[in-house]
>>> print(open('final.json').read())   # JSON, C-alpha atoms
[["chain", "number", "residue", "atom", "x", "y", "z"],
["A", 215, "MET", "CA", 0.00, 0.00, 0.00],
["A", 216, "SER", "CA", 1.36, 3.41, -0.90],
["A", 217, "SER", "CA", 1.46, 6.32, 1.53],
["A", 218, "ASP", "CA", -1.30, 8.00, -0.55],
["A", 219, "ASP", "CA", -3.66, 5.11, 0.26],
["A", 220, "GLU", "CA", -3.02, 5.52, 3.97],
["A", 221, "THR", "CA", -4.14, 9.17, 4.00],
["A", 222, "LEU", "CA", -7.46, 8.74, 2.20],
["A", 223, "SER", "CA", -10.48, 9.83, 4.18],
["A", 224, "ILE", "CA", -13.33, 7.41, 4.74],
["A", 225, "GLU", "CA", -16.22, 8.27, 2.45],
["A", 226, "MET", "CA", -18.57, 5.53, 3.63],
["A", 227, "ILE", "CA", -18.71, 2.64, 6.08],
["A", 228, "ARG", "CA", -20.95, -0.38, 5.66],
["A", 229, "TRP", "CA", -21.70, -2.72, 8.56],
["A", 230, "THR", "CA", -23.43, -6.07, 8.18],
["A", 231, "PHE", "CA", -24.51, -7.97, 11.27],
["A", 232, "ALA", "CA", -27.14, -10.28, 12.74],
["A", 233, "VAL", "CA", -29.10, -9.28, 15.85],
["A", 234, "ASP", "CA", -31.70, -10.79, 18.11],
["A", 235, "PRO", "CA", -35.07, -9.74, 16.61],
["A", 236, "ALA", "CA", -36.13, -8.59, 20.09],
["A", 237, "HIS", "CA", -33.50, -5.79, 19.89],
["A", 238, "ARG", "CA", -33.76, -5.02, 16.18],
["A", 239, "GLY", "CA", -36.05, -1.99, 16.58],
["A", 240, "GLU", "CA", -33.90, -0.45, 19.33],
["A", 241, "ILE", "CA", -30.72, -0.90, 17.31],
["A", 242, "GLU", "CA", -32.33, 0.49, 14.16],
["A", 243, "THR", "CA", -33.53, 3.59, 16.04],
["A", 244, "PHE", "CA", -30.11, 4.04, 17.68],
["A", 245, "LEU", "CA", -28.30, 3.86, 14.32],
["A", 246, "LEU", "CA", -30.75, 6.23, 12.63],
["A", 247, "ASP", "CA", -30.21, 8.71, 15.49],
["A", 248, "GLN", "CA", -26.45, 8.47, 14.83],
["A", 249, "GLY", "CA", -26.95, 9.38, 11.15],
["A", 250, "LEU", "CA", -26.66, 5.93, 9.59],
["A", 251, "GLU", "CA", -29.01, 4.43, 7.02],
["A", 252, "VAL", "CA", -30.35, 1.01, 7.95],
["A", 253, "LEU", "CA", -31.66, -1.85, 5.81],
["A", 254, "VAL", "CA", -33.24, -4.87, 7.49],
["A", 255, "ARG", "CA", -33.06, -8.21, 5.68],
["A", 256, "GLY", "CA", -35.27, -10.91, 7.08],
["A", 257, "GLU", "CA", -35.64, -11.28, 10.84],
["A", 258, "GLU", "CA", -32.02, -10.88, 11.95],
["A", 259, "THR", "CA", -29.73, -9.39, 9.30],
["A", 260, "MET", "CA", -29.10, -5.67, 9.27],
["A", 261, "VAL", "CA", -26.99, -3.58, 6.90],
["A", 262, "ALA", "CA", -26.09, -0.08, 8.02],
["A", 263, "THR", "CA", -24.28, 2.52, 5.92],
["A", 264, "TRP", "CA", -22.67, 5.66, 7.24],
["A", 265, "ASP", "CA", -21.77, 8.33, 4.67],
["A", 266, "GLU", "CA", -18.80, 10.49, 5.63],
["A", 267, "PRO", "CA", -18.71, 9.20, 9.22],
["A", 268, "GLU", "CA", -17.86, 11.65, 11.96],
["A", 269, "GLY", "CA", -17.30, 10.86, 15.59],
["A", 270, "SER", "CA", -16.18, 7.64, 17.15],
["A", 271, "ILE", "CA", -16.93, 4.50, 15.19],
["A", 272, "GLU", "CA", -16.10, 2.40, 18.25],
["A", 273, "GLU", "CA", -18.62, 4.28, 20.40],
["A", 274, "VAL", "CA", -21.42, 3.51, 17.95],
["A", 275, "ILE", "CA", -20.50, -0.19, 17.90],
["A", 276, "GLU", "CA", -20.32, -0.24, 21.70],
["A", 277, "GLY", "CA", -23.72, 1.49, 21.81],
["A", 278, "MET", "CA", -25.23, -1.34, 19.77],
["A", 279, "TRP", "CA", -23.63, -3.91, 22.06],
["A", 280, "ALA", "CA", -25.00, -2.09, 25.12],
["A", 281, "ILE", "CA", -28.53, -2.36, 23.69],
["A", 282, "THR", "CA", -28.26, -6.14, 23.33],
["A", 283, "GLY", "CA", -26.29, -6.64, 26.53],
["A", 284, "SER", "CA", -23.45, -8.50, 24.81],
["A", 285, "PRO", "CA", -21.06, -8.08, 21.87],
["A", 286, "PHE", "CA", -21.90, -9.54, 18.48],
["A", 287, "GLU", "CA", -19.94, -9.83, 15.25],
["A", 288, "VAL", "CA", -20.04, -6.85, 12.89],
["A", 289, "THR", "CA", -18.52, -6.97, 9.40],
["A", 290, "HIS", "CA", -16.96, -3.54, 8.80],
["A", 291, "GLU", "CA", -16.18, -2.30, 5.28],
["A", 292, "GLU", "CA", -14.65, 1.08, 4.44],
["A", 293, "PHE", "CA", -14.96, 2.82, 1.10],
["A", 294, "HIS", "CA", -12.58, 5.59, 0.05],
["A", 295, "ARG", "CA", -12.93, 8.01, -2.82],
["A", 296, "ALA", "CA", -9.64, 7.95, -4.64],
["A", 297, "ASN", "CA", -10.94, 9.86, -7.65],
["A", 298, "LEU", "CA", -14.08, 11.71, -8.52],
["A", 299, "LEU", "CA", -14.40, 12.54, -12.20],
["A", 300, "LEU", "CA", -17.23, 14.20, -14.09],
["A", 301, "TYR", "CA", -17.39, 13.68, -17.81],
["A", 302, "ASP", "CA", -19.48, 16.09, -19.83],
["A", 303, "ALA", "CA", -19.59, 16.50, -23.56],
["A", 304, "ASP", "CA", -18.49, 19.92, -24.77],
["A", 305, "GLU", "CA", -20.86, 22.04, -26.82],
["A", 306, "GLU", "CA", -19.29, 20.96, -30.14],
["A", 307, "THR", "CA", -19.94, 17.29, -29.43],
["A", 308, "LYS", "CA", -23.51, 18.01, -28.35],
["A", 309, "ALA", "CA", -24.20, 19.88, -31.61],
["A", 310, "VAL", "CA", -23.01, 16.90, -33.71],
["A", 311, "ALA", "CA", -25.02, 14.31, -31.81]]
>>> encode(input="final.json", output="structure tokens")
Amino acid sequence: MSSDDETLSIEMIRWTFAVDPAHRGEIETFLLDQGLEVLVRGEETMVATWDEPEGSIEEVIEGMWAITGSPFEVTHEEFHRANLLLYDADEETKAVA
């Protein structure tokens, strides 16, 4: 990994995890209050995305664990924006098309 890769900011985090259905509503509300988007799949699987996360990631995870009363496995994925390009045809190309 180059030093450039190490300095990239996190653009989005995605967490996938299974929870006890009895705590699903509480966890969903907690994550929404923290600014995450939540998708529920079936009875137990949740997918949460956090665009441009601010604050302590660990505190949010620990908050979920506090709701259930015990830790559970969370798959954490980070997405970085290395490049953002916008392609637009110039006026000449638009006139020909």
>>> closest_residue(input="final.json", among="A:Leu253, A:Leu245, A:Leu299, A:Ala232", to="Glu273 in chain A", atoms="only C-alpha atoms")
A:Leu245
>>> atom_distance(input="final.json", atom1="CA of Glu258 in chain A", atom2="CA of His237 in chain A")
9.5 Å
>>> residues_around(input="final.json", residues="Gly283 in chain A", least_positions_apart="6", cutoff="12 Å", atoms="only C-alpha atoms", output="NGL selection string")
:A and (233-234 or 236-237 or 241 or 276-277)
>>> closest_residue(input="final.json", among="A:Leu300, A:Trp279, A:Phe286, A:Arg295", to="Glu266 in chain A", atoms="only C-alpha atoms")
A:Arg295
>>> closest_residue(input="final.json", among="A:Leu246, A:Met260, A:Ile224, A:Ala303", to="Val274 in chain A", atoms="all atoms listed in the file")
A:Leu246
>>> atom_distance(input="final.json", atom1="CA of Glu257 in chain A", atom2="CA of Gly239 in chain A")
10.9 Å
>>> atom_distance(input="final.json", atom1="CA of Phe293 in chain A", atom2="CA of Leu250 in chain A")
14.8 Å
